[in-house]
$ cat query-v9.txt   # compact mmCIF, C-alpha atoms
# COMPACT_ATOMS: atom_id res chain seq x y z
CA MET A 1 -97.75 -79.64 45.78
CA SER A 2 -98.76 -81.16 49.14
CA ALA A 3 -96.19 -82.38 51.65
CA ASP A 4 -97.13 -86.04 51.02
CA ALA A 5 -96.77 -85.69 47.26
CA ALA A 6 -93.41 -84.01 47.76
CA VAL A 7 -92.16 -86.94 49.81
CA ALA A 8 -93.55 -89.49 47.30
CA HIS A 9 -91.77 -87.81 44.44
CA ALA A 10 -88.55 -87.12 46.31
CA PRO A 11 -85.46 -88.68 44.71
CA GLY A 12 -84.63 -92.14 46.10
CA HIS A 13 -88.09 -92.60 47.59
CA ASP A 14 -89.63 -95.99 46.75
CA PRO A 15 -93.31 -95.43 45.81
CA HIS A 16 -94.03 -99.08 46.69
CA ALA A 17 -92.64 -98.88 50.24
CA THR A 18 -94.98 -100.42 52.80
CA THR A 19 -94.99 -100.49 56.59
CA THR A 20 -94.56 -104.28 56.60
CA GLY A 21 -91.78 -104.28 54.01
CA ILE A 22 -93.87 -106.62 51.85
CA GLU A 23 -95.54 -105.65 48.60
CA ASN A 24 -99.25 -105.08 49.22
CA LYS A 25 -100.30 -107.35 46.38
CA LYS A 26 -98.21 -110.22 47.75
CA LEU A 27 -99.50 -109.67 51.29
CA ILE A 28 -103.13 -109.64 50.22
CA MET A 29 -102.65 -112.79 48.16
CA TRP A 30 -101.11 -114.63 51.12
CA LEU A 31 -104.02 -113.48 53.30
CA PHE A 32 -106.47 -114.75 50.69
CA LEU A 33 -104.64 -118.08 50.44
CA ALA A 34 -104.72 -118.38 54.22
CA SER A 35 -108.50 -117.96 54.19
CA ASP A 36 -108.84 -120.36 51.27
CA CYS A 37 -106.90 -122.91 53.32
CA MET A 38 -109.64 -122.85 55.94
CA PHE A 39 -112.31 -122.97 53.25
CA PHE A 40 -110.92 -126.14 51.67
CA GLY A 41 -110.25 -127.61 55.11
CA THR A 42 -113.97 -127.52 55.89
CA LEU A 43 -114.94 -128.96 52.51
CA ILE A 44 -112.45 -131.83 52.87
CA SER A 45 -113.57 -132.62 56.42
CA THR A 46 -117.24 -132.55 55.34
CA HIS A 47 -116.49 -135.11 52.65
CA LEU A 48 -114.51 -137.29 55.05
CA ILE A 49 -117.36 -137.24 57.57
CA TYR A 50 -120.13 -138.05 55.08
CA ARG A 51 -118.27 -140.41 52.76
CA LYS A 52 -119.50 -143.55 54.52
CA ILE A 53 -123.12 -142.49 54.87
CA HIS A 54 -125.21 -143.95 52.07
CA PRO A 55 -128.89 -143.41 52.94
CA GLY A 56 -130.12 -144.72 49.57
CA GLY A 57 -127.90 -147.81 49.49
CA PRO A 58 -124.20 -148.62 49.54
CA ILE A 59 -121.83 -146.91 47.14
CA ASP A 60 -118.46 -148.46 46.41
CA PRO A 61 -116.11 -145.65 45.33
CA THR A 62 -113.47 -148.17 44.26
CA THR A 63 -115.74 -149.15 41.37
CA ILE A 64 -116.36 -145.50 40.48
CA PHE A 65 -113.00 -143.78 40.85
CA SER A 66 -110.30 -144.17 38.24
CA VAL A 67 -106.98 -144.03 40.07
CA GLU A 68 -105.06 -143.92 36.78
CA LEU A 69 -106.86 -140.81 35.53
CA THR A 70 -106.59 -139.04 38.88
CA THR A 71 -102.89 -139.90 39.21
CA PHE A 72 -102.30 -138.53 35.72
CA SER A 73 -104.14 -135.30 36.70
CA THR A 74 -102.00 -135.04 39.82
CA PHE A 75 -98.77 -135.33 37.87
CA ILE A 76 -100.03 -132.79 35.33
CA LEU A 77 -100.80 -130.23 38.04
CA LEU A 78 -97.51 -130.94 39.81
CA PHE A 79 -95.48 -130.21 36.69
CA SER A 80 -97.57 -127.16 35.91
CA SER A 81 -96.37 -125.82 39.26
CA PHE A 82 -92.78 -126.43 38.16
CA PHE A 83 -93.27 -124.45 34.95
CA MET A 84 -95.07 -121.71 36.88
CA ALA A 85 -92.03 -121.36 39.15
CA LEU A 86 -89.85 -121.03 36.03
CA ALA A 87 -92.24 -118.45 34.57
CA VAL A 88 -92.09 -116.33 37.74
CA SER A 89 -88.31 -116.59 37.77
CA ALA A 90 -88.18 -115.49 34.11
CA ALA A 91 -90.48 -112.55 34.87
CA HIS A 92 -88.21 -111.37 37.67
CA LYS A 93 -85.25 -111.51 35.29
CA GLY A 94 -87.23 -109.57 32.66
CA SER A 95 -86.93 -112.41 30.15
CA MET A 96 -90.26 -112.10 28.30
CA LYS A 97 -89.63 -114.91 25.83
CA SER A 98 -88.88 -117.46 28.56
CA PHE A 99 -91.80 -116.15 30.62
CA ARG A 100 -94.28 -116.58 27.76
CA ARG A 101 -92.97 -120.04 26.89
CA ASN A 102 -93.32 -121.30 30.45
CA LEU A 103 -96.70 -119.61 30.90
CA ILE A 104 -98.07 -121.29 27.77
CA VAL A 105 -97.01 -124.67 29.18
CA VAL A 106 -98.73 -123.88 32.51
CA ILE A 107 -101.94 -122.89 30.72
CA PHE A 108 -101.79 -126.02 28.56
CA PHE A 109 -101.33 -128.27 31.61
CA GLY A 110 -104.12 -126.44 33.43
CA LEU A 111 -106.46 -127.06 30.51
CA ILE A 112 -105.49 -130.75 30.46
CA PHE A 113 -106.33 -130.97 34.16
CA LEU A 114 -109.70 -129.29 33.61
CA GLY A 115 -110.38 -131.62 30.72
CA CYS A 116 -109.67 -134.63 32.92
CA GLN A 117 -112.01 -133.23 35.58
CA VAL A 118 -114.82 -132.63 33.08
CA TYR A 119 -114.38 -136.14 31.64
CA GLU A 120 -114.40 -137.63 35.14
CA PHE A 121 -117.54 -135.73 36.18
CA TYR A 122 -119.28 -136.79 32.97
CA GLU A 123 -118.32 -140.44 33.50
CA PHE A 124 -119.54 -140.38 37.09
CA ALA A 125 -122.83 -138.66 36.32
CA VAL A 126 -123.77 -140.53 33.15
CA PHE A 127 -122.28 -144.01 33.54
CA LYS A 128 -121.64 -144.52 37.26
CA ASP A 129 -124.85 -142.91 38.57
CA LEU A 130 -123.04 -140.57 40.93
CA THR A 131 -124.40 -137.03 40.75
CA LEU A 132 -124.48 -133.91 42.89
CA THR A 133 -128.02 -134.60 44.09
CA ASN A 134 -128.63 -138.33 44.16
CA SER A 135 -126.34 -139.22 47.07
CA LEU A 136 -124.58 -137.72 50.05
CA PHE A 137 -121.25 -139.00 48.81
CA GLY A 138 -121.87 -137.38 45.43
CA SER A 139 -122.85 -134.06 47.00
CA THR A 140 -119.73 -133.76 49.11
CA PHE A 141 -117.48 -135.10 46.37
CA PHE A 142 -118.73 -132.81 43.63
CA VAL A 143 -118.82 -129.72 45.86
CA LEU A 144 -115.21 -130.30 46.95
CA THR A 145 -113.71 -131.24 43.59
CA GLY A 146 -115.98 -128.81 41.73
CA THR A 147 -114.82 -125.94 43.93
CA HIS A 148 -111.23 -126.91 43.32
CA GLY A 149 -111.91 -127.17 39.57
CA THR A 150 -113.43 -123.70 39.63
CA HIS A 151 -110.29 -122.40 41.29
CA VAL A 152 -108.19 -124.00 38.54
CA ALA A 153 -110.45 -122.51 35.85
CA ILE A 154 -110.12 -119.04 37.36
CA GLY A 155 -106.36 -119.54 37.52
CA VAL A 156 -106.20 -120.57 33.86
CA PHE A 157 -108.30 -117.53 32.87
CA TRP A 158 -106.01 -115.25 34.88
CA LEU A 159 -102.90 -116.71 33.26
CA VAL A 160 -104.40 -116.42 29.77
CA CYS A 161 -105.14 -112.72 30.43
CA MET A 162 -101.58 -112.30 31.63
CA LEU A 163 -100.25 -114.02 28.50
CA PHE A 164 -102.24 -111.72 26.22
CA TYR A 165 -101.10 -108.69 28.20
CA SER A 166 -97.47 -109.74 27.78
CA TYR A 167 -97.90 -109.38 24.00
CA THR A 168 -99.06 -105.76 24.25
CA GLY A 169 -95.55 -104.59 25.03
CA LYS A 170 -96.71 -102.92 28.25
CA MET A 171 -95.54 -105.71 30.53
CA GLY A 172 -92.20 -104.97 32.11
CA HIS A 173 -90.12 -105.66 35.18
CA ASP A 174 -92.63 -103.65 37.25
CA HIS A 175 -95.20 -106.35 36.61
CA ALA A 176 -93.06 -109.11 38.11
CA ILE A 177 -94.99 -108.80 41.38
CA ASP A 178 -98.27 -109.37 39.51
CA ILE A 179 -96.86 -112.52 37.96
CA GLU A 180 -95.52 -113.67 41.30
CA THR A 181 -98.98 -113.16 42.83
CA ALA A 182 -100.57 -115.24 40.07
CA GLY A 183 -97.86 -117.84 40.69
CA LEU A 184 -98.75 -118.01 44.38
CA TYR A 185 -102.39 -118.63 43.50
CA TRP A 186 -101.47 -121.37 41.03
CA HIS A 187 -99.15 -123.13 43.47
CA PHE A 188 -101.86 -123.02 46.12
CA VAL A 189 -104.35 -124.63 43.74
CA ASP A 190 -101.76 -127.35 43.19
CA ILE A 191 -101.16 -128.03 46.87
CA VAL A 192 -104.90 -128.22 47.54
CA TRP A 193 -105.10 -130.97 44.92
CA LEU A 194 -102.09 -132.70 46.54
CA ILE A 195 -104.26 -132.94 49.68
CA ILE A 196 -107.51 -133.83 47.88
CA PHE A 197 -105.90 -136.66 45.90
CA PRO A 198 -105.05 -138.85 48.92
CA ALA A 199 -107.88 -137.62 51.16
CA VAL A 200 -110.66 -138.22 48.64
CA TYR A 201 -109.41 -140.74 46.10
CA LEU A 202 -106.65 -142.84 47.66
CA VAL A 203 -108.39 -143.21 51.04
CA GLU A 204 -111.17 -145.25 49.40
CA PHE A 205 -108.65 -147.89 48.31
CA ILE A 206 -107.09 -148.33 51.75
CA GLY A 207 -108.09 -151.47 53.67
CA MET B 1 -63.13 -106.23 31.74
CA GLU B 2 -62.63 -109.70 33.16
CA ALA B 3 -65.25 -108.97 35.83
CA ALA B 4 -67.78 -108.05 33.14
CA ALA B 5 -66.98 -111.25 31.21
CA HIS B 6 -67.48 -113.34 34.36
CA ALA B 7 -70.75 -111.60 35.30
CA PRO B 8 -72.92 -113.14 32.52
CA THR B 9 -71.38 -116.60 33.18
CA ASP B 10 -72.07 -116.28 36.92
CA HIS B 11 -75.61 -115.16 36.13
CA GLN B 12 -76.16 -118.11 33.80
CA ALA B 13 -74.74 -120.48 36.42
CA GLU B 14 -77.13 -119.05 39.00
CA GLU B 15 -80.09 -119.46 36.65
CA GLN B 16 -79.10 -123.03 35.88
CA LYS B 17 -78.81 -123.72 39.59
CA LYS B 18 -82.32 -122.37 40.15
CA PHE B 19 -83.70 -124.42 37.26
CA TYR B 20 -82.18 -127.64 38.60
CA ALA B 21 -83.45 -126.85 42.12
CA PHE B 22 -87.03 -126.49 40.82
CA PHE B 23 -86.66 -129.54 38.58
CA ASN B 24 -85.27 -131.70 41.38
CA LEU B 25 -88.09 -130.62 43.68
CA ALA B 26 -90.69 -131.47 41.02
CA MET B 27 -89.09 -134.88 40.48
CA ILE B 28 -88.99 -135.59 44.22
CA MET B 29 -92.67 -134.75 44.53
CA ALA B 30 -93.55 -136.90 41.55
CA ALA B 31 -91.65 -139.77 43.18
CA ILE B 32 -93.48 -139.18 46.48
CA THR B 33 -96.81 -139.28 44.64
CA GLY B 34 -95.77 -142.60 43.11
CA ILE B 35 -94.85 -143.98 46.52
CA GLU B 36 -98.23 -142.87 47.91
CA LEU B 37 -99.96 -144.71 45.10
CA VAL B 38 -97.98 -147.88 45.67
CA ILE B 39 -98.27 -148.14 49.45
CA ILE B 40 -102.06 -148.09 49.45
CA PHE B 41 -102.08 -151.31 47.44
CA LEU B 42 -99.39 -153.08 49.51
CA PRO B 43 -100.41 -155.58 52.22
CA LEU B 44 -99.37 -153.31 55.07
CA PRO B 45 -101.15 -152.51 58.35
CA ILE B 46 -103.85 -149.91 57.76
CA TRP B 47 -102.51 -147.54 60.41
CA PHE B 48 -99.12 -147.59 58.68
CA VAL B 49 -100.67 -146.84 55.30
CA TYR B 50 -102.70 -143.93 56.71
CA LEU B 51 -99.64 -142.56 58.50
CA GLY B 52 -97.47 -142.95 55.41
CA VAL B 53 -99.97 -141.23 53.12
CA VAL B 54 -100.49 -138.36 55.56
CA LEU B 55 -96.75 -137.84 56.10
CA LEU B 56 -95.96 -137.95 52.39
CA SER B 57 -98.76 -135.48 51.63
CA VAL B 58 -97.45 -133.12 54.31
CA ILE B 59 -93.95 -133.32 52.82
CA LYS B 60 -95.27 -132.45 49.36
CA PHE B 61 -97.44 -129.69 50.80
CA PHE B 62 -94.53 -127.99 52.53
CA GLY B 63 -92.22 -128.63 49.60
CA VAL B 64 -94.43 -126.54 47.33
CA ILE B 65 -95.08 -123.86 49.93
CA LEU B 66 -91.49 -123.38 51.05
CA TRP B 67 -89.69 -123.55 47.70
CA PHE B 68 -92.13 -123.07 44.81
CA MET B 69 -94.00 -120.35 46.69
CA HIS B 70 -90.73 -118.96 48.08
CA LEU B 71 -92.03 -118.76 51.62
CA ILE B 72 -88.67 -119.84 53.00
CA TYR B 73 -86.99 -116.82 51.39
CA ASP B 74 -89.73 -114.29 52.08
CA ASN B 75 -90.60 -112.06 55.01
CA LYS B 76 -91.42 -114.04 58.16
CA LEU B 77 -94.74 -112.21 58.47
CA LEU B 78 -96.03 -114.18 55.48
CA THR B 79 -94.98 -117.43 57.17
CA LEU B 80 -96.78 -116.33 60.32
CA ILE B 81 -99.97 -115.53 58.38
CA PHE B 82 -100.05 -118.78 56.46
CA VAL B 83 -99.01 -121.05 59.33
CA SER B 84 -101.64 -119.48 61.59
CA ALA B 85 -104.34 -120.20 59.03
CA LEU B 86 -102.95 -123.70 58.57
CA ILE B 87 -103.15 -124.36 62.31
CA ILE B 88 -106.74 -123.13 62.41
CA ALA B 89 -107.67 -125.21 59.35
CA THR B 90 -105.97 -128.36 60.65
CA GLY B 91 -107.50 -127.87 64.09
CA THR B 92 -110.96 -127.42 62.58
CA VAL B 93 -110.61 -130.51 60.38
CA THR B 94 -109.36 -132.61 63.29
CA ALA B 95 -112.12 -131.37 65.59
CA LEU B 96 -114.81 -132.02 62.99
CA LEU B 97 -113.55 -135.54 62.35
CA LEU B 98 -113.36 -136.35 66.05
CA VAL B 99 -116.64 -134.73 67.07
CA HIS B 100 -118.89 -135.65 64.16
CA HIS B 101 -119.34 -139.37 64.24
CA GLU B 102 -121.05 -141.17 61.38
CA ARG B 103 -124.07 -141.89 63.59
CA ASP B 104 -124.53 -138.16 64.14
CA THR B 105 -125.45 -137.79 60.48
CA ILE B 106 -128.21 -140.37 60.51
CA PRO B 107 -131.52 -138.64 59.72
CA ILE B 108 -134.31 -138.86 62.32
CA GLY B 109 -136.50 -141.88 61.60
CA GLY B 110 -133.90 -143.44 59.30
CA GLU B 111 -131.75 -145.11 61.95
CA GLU B 112 -132.34 -148.70 60.88
CA GLU B 113 -131.66 -148.14 57.22
CA ALA B 114 -128.61 -145.97 57.91
CA VAL B 115 -127.10 -148.40 60.42
CA GLN B 116 -127.48 -151.21 57.87
CA ALA B 117 -125.78 -149.04 55.27
CA ILE B 118 -122.71 -148.41 57.45
CA PRO B 119 -120.43 -151.47 57.18
CA GLY B 120 -119.39 -152.98 60.49
CA GLN B 121 -121.52 -150.58 62.46
CA SER B 122 -123.41 -151.57 65.59
CA ALA B 123 -125.20 -149.78 68.39
CA GLY B 124 -122.87 -148.13 70.83
CA THR B 125 -119.87 -148.18 68.51
CA ASN B 126 -117.78 -145.06 68.77
CA ARG B 127 -115.17 -144.79 66.07
CA PHE B 128 -113.73 -142.03 63.98
CA ALA B 129 -115.64 -140.99 60.91
CA VAL B 130 -112.66 -141.65 58.60
$ encode --input "query-v9.txt" --output "structure tokens"
Amino acid sequence: MSADAAVAHAPGHDPHATTTGIENKKLIMWLFLASDCMFFGTLISTHLIYRKIHPGGPIDPTTIFSVELTTFSTFILLFSSFFMALAVSAAHKGSMKSFRRNLIVVIFFGLIFLGCQVYEFYEFAVFKDLTLTNSLFGSTFFVLTGTHGTHVAIGVFWLVCMLFYSYTGKMGHDHAIDIETAGLYWHFVDIVWLIIFPAVYLVEFIG
Amino acid sequence: MEAAAHAPTDHQAEEQKKFYAFFNLAMIMAAITGIELVIIFLPLPIWFVYLGVVLLSVIKFFGVILWFMHLIYDNKLLTLIFVSALIIATGTVTALLLVHHERDTIPIGGEEEAVQAIPGQSAGTNRFAV
């Protein structure tokens, strides 16, 4: 047995000990979220810069956007974050039943949000003549909200995989960090929408 | 024996406390979202509306990060990482909005049409893109 292996297997030695004192999975997720922050920052600023340029003719977003639907989506995502926090807390306690219950609610709310997004995109493209390619406003809008929607979809897929894994009996207290990492991603997706909602939708109704 | 009997009760009390903390935070943020929605339709000065919406969004943003994402309880290195990225992102957004004027996006040869399409725009005007 090598010296390193001897130390790793020594009694009382924590195999997850890191030089920073933070779990590696958590650290890498925060680093990813930090980079994603900058990514969404550029997309939001691009939309804000181009939103008033209409080379093909004026577009009035107040006649296109549905504040009611978007507000409903915002509340849905906000409360999904609440249930995600409860799910992470349950996972840390080792309470599988509570974890699964809260996770199912998060997945359900995430799917409702995605459904609202799909409905909105369909309405805009088919009935309001706002598409990805026919206007500058449409391009920036769909790239920004589409990217966010993709993030939500990936989050929902991740949570569904986690839910299925929890039924295999292999998920235990050791996996709490994995659930916490997924929780961080989901909360980040929520806060990005909390910025997009006023910066993209509400700003059109001001003045 | 008494200590063991109190332990589950203390644990339950702590869990209830956590639940109510998360619930209260969610309710506060829902209320803030409602306020944001209302103030944009009120007959208030535009600068006040913009300021109000930005401030309320920032409060919600940090509410989720600090409590739902547990940043306030975690290692300070994580705070440093995220806040650094936030400063870079905010600085980039601000710089882009200040530097890239609407007129800068007018295609070559399309000045007349584009100027007509921008409401209230005239030659020599220098205002923020937002």
$ axis_aligned_box --input "query-v9.txt" --around "stretch 46-57 of chain A" --padding-each-side "5 Å" --output "lines of an AutoDock Vina configuration file"
center_x = -122.3
center_y = -140.2
center_z = 53.5
size_x = 25.6
size_y = 25.3
size_z = 18.1
$ closest_atom_pairs --input "query-v9.txt" --of "chain A" --to "chain B" --cutoff "6 Å" --atoms "all atoms listed in the file" --output "JSON lines"
{"residue": "A:Ala34", "atom": "CA", "partner": "B:Ala85", "partner_atom": "CA", "distance": 5.2}
{"residue": "A:Met38", "atom": "CA", "partner": "B:Ala89", "partner_atom": "CA", "distance": 4.6}
{"residue": "A:Gly41", "atom": "CA", "partner": "B:Ala89", "partner_atom": "CA", "distance": 5.5}
{"residue": "A:Ser45", "atom": "CA", "partner": "B:Val93", "partner_atom": "CA", "distance": 5.4}
{"residue": "A:Leu48", "atom": "CA", "partner": "B:Val130", "partner_atom": "CA", "distance": 5.9}
{"residue": "A:Ile49", "atom": "CA", "partner": "B:Ala129", "partner_atom": "CA", "distance": 5.3}
{"residue": "A:Pro55", "atom": "CA", "partner": "B:Ala114", "partner_atom": "CA", "distance": 5.6}
{"residue": "A:Pro58", "atom": "CA", "partner": "B:Ala117", "partner_atom": "CA", "distance": 6.0}
{"residue": "A:Ala85", "atom": "CA", "partner": "B:Phe68", "partner_atom": "CA", "distance": 5.9}
{"residue": "A:Leu184", "atom": "CA", "partner": "B:Met69", "partner_atom": "CA", "distance": 5.8}
{"residue": "A:Ile191", "atom": "CA", "partner": "B:Phe61", "partner_atom": "CA", "distance": 5.7}
{"residue": "A:Ile206", "atom": "CA", "partner": "B:Ile40", "partner_atom": "CA", "distance": 5.5}
$ residues_around --input "query-v9.txt" --residues "A:Ser139" --least-positions-apart "5" --cutoff "12 Å" --atoms "only C-alpha atoms" --output "CSV table (one decimal) with C-alpha atoms, in the coordinates of the input"
chain,number,residue,atom,x,y,z
A,43,LEU,CA,-114.9,-129.0,52.5
A,46,THR,CA,-117.2,-132.6,55.3
A,47,HIS,CA,-116.5,-135.1,52.6
A,50,TYR,CA,-120.1,-138.0,55.1
A,51,ARG,CA,-118.3,-140.4,52.8
A,53,ILE,CA,-123.1,-142.5,54.9
A,54,HIS,CA,-125.2,-144.0,52.1
A,125,ALA,CA,-122.8,-138.7,36.3
A,130,LEU,CA,-123.0,-140.6,40.9
A,131,THR,CA,-124.4,-137.0,40.8
A,132,LEU,CA,-124.5,-133.9,42.9
A,133,THR,CA,-128.0,-134.6,44.1
A,134,ASN,CA,-128.6,-138.3,44.2
A,144,LEU,CA,-115.2,-130.3,47.0
A,145,THR,CA,-113.7,-131.2,43.6
A,146,GLY,CA,-116.0,-128.8,41.7
A,147,THR,CA,-114.8,-125.9,43.9
$ closest_residue --input "query-v9.txt" --among "A:Ala176, A:Met29, A:Ile104, A:Cys37" --to "A:Ala90" --atoms "only C-alpha atoms"
A:Ala176
$ atom_distance --input "query-v9.txt" --atom1 "atom CA of A:His173" --atom2 "atom CA of A:Gly94"
5.5 Å
$ residues_around --input "query-v9.txt" --residues "A:Trp158" --least-positions-apart "3" --cutoff "10 Å" --atoms "all atoms listed in the file" --output "MDAnalysis selection string"
chainID A and resid 107 152:155 161:163 182 185:186
$ write_last_selection --input "query-v9.txt" --atoms "C-alpha atoms" --output "mmCIF file, in the frame of the given file"
data_model
loop_
_atom_site.group_PDB
_atom_site.id
_atom_site.type_symbol
_atom_site.label_atom_id
_atom_site.label_comp_id
_atom_site.auth_asym_id
_atom_site.auth_seq_id
_atom_site.Cartn_x
_atom_site.Cartn_y
_atom_site.Cartn_z
ATOM 1 C CA ILE A 107 -101.940 -122.890 30.720
ATOM 2 C CA VAL A 152 -108.190 -124.000 38.540
ATOM 3 C CA ALA A 153 -110.450 -122.510 35.850
ATOM 4 C CA ILE A 154 -110.120 -119.040 37.360
ATOM 5 C CA GLY A 155 -106.360 -119.540 37.520
ATOM 6 C CA CYS A 161 -105.140 -112.720 30.430
ATOM 7 C CA MET A 162 -101.580 -112.300 31.630
ATOM 8 C CA LEU A 163 -100.250 -114.020 28.500
ATOM 9 C CA ALA A 182 -100.570 -115.240 40.070
ATOM 10 C CA TYR A 185 -102.390 -118.630 43.500
ATOM 11 C CA TRP A 186 -101.470 -121.370 41.030
#
$ residues_around --input "query-v9.txt" --residues "A:Phe197" --least-positions-apart "6" --cutoff "9 Å" --atoms "all atoms listed in the file" --output "list in words"
Thr70, Thr71, Thr74 and Val203 of chain A
$ atom_distance --input "query-v9.txt" --atom1 "atom CA of A:Phe188" --atom2 "atom CA of A:Phe124"
26.4 Å
$ closest_residue --input "query-v9.txt" --among "A:His151, A:Lys26, A:Arg100, A:Lys128" --to "A:Phe40" --atoms "all atoms listed in the file"
A:His151
$ atom_distance --input "query-v9.txt" --atom1 "atom CA of A:Ala199" --atom2 "atom CA of A:Gly138"
15.1 Å
$ closest_residue --input "query-v9.txt" --among "A:Asn102, A:Ile195, A:Ser81, A:Gln117" --to "B:Leu55" --atoms "all atoms listed in the file"
A:Ile195
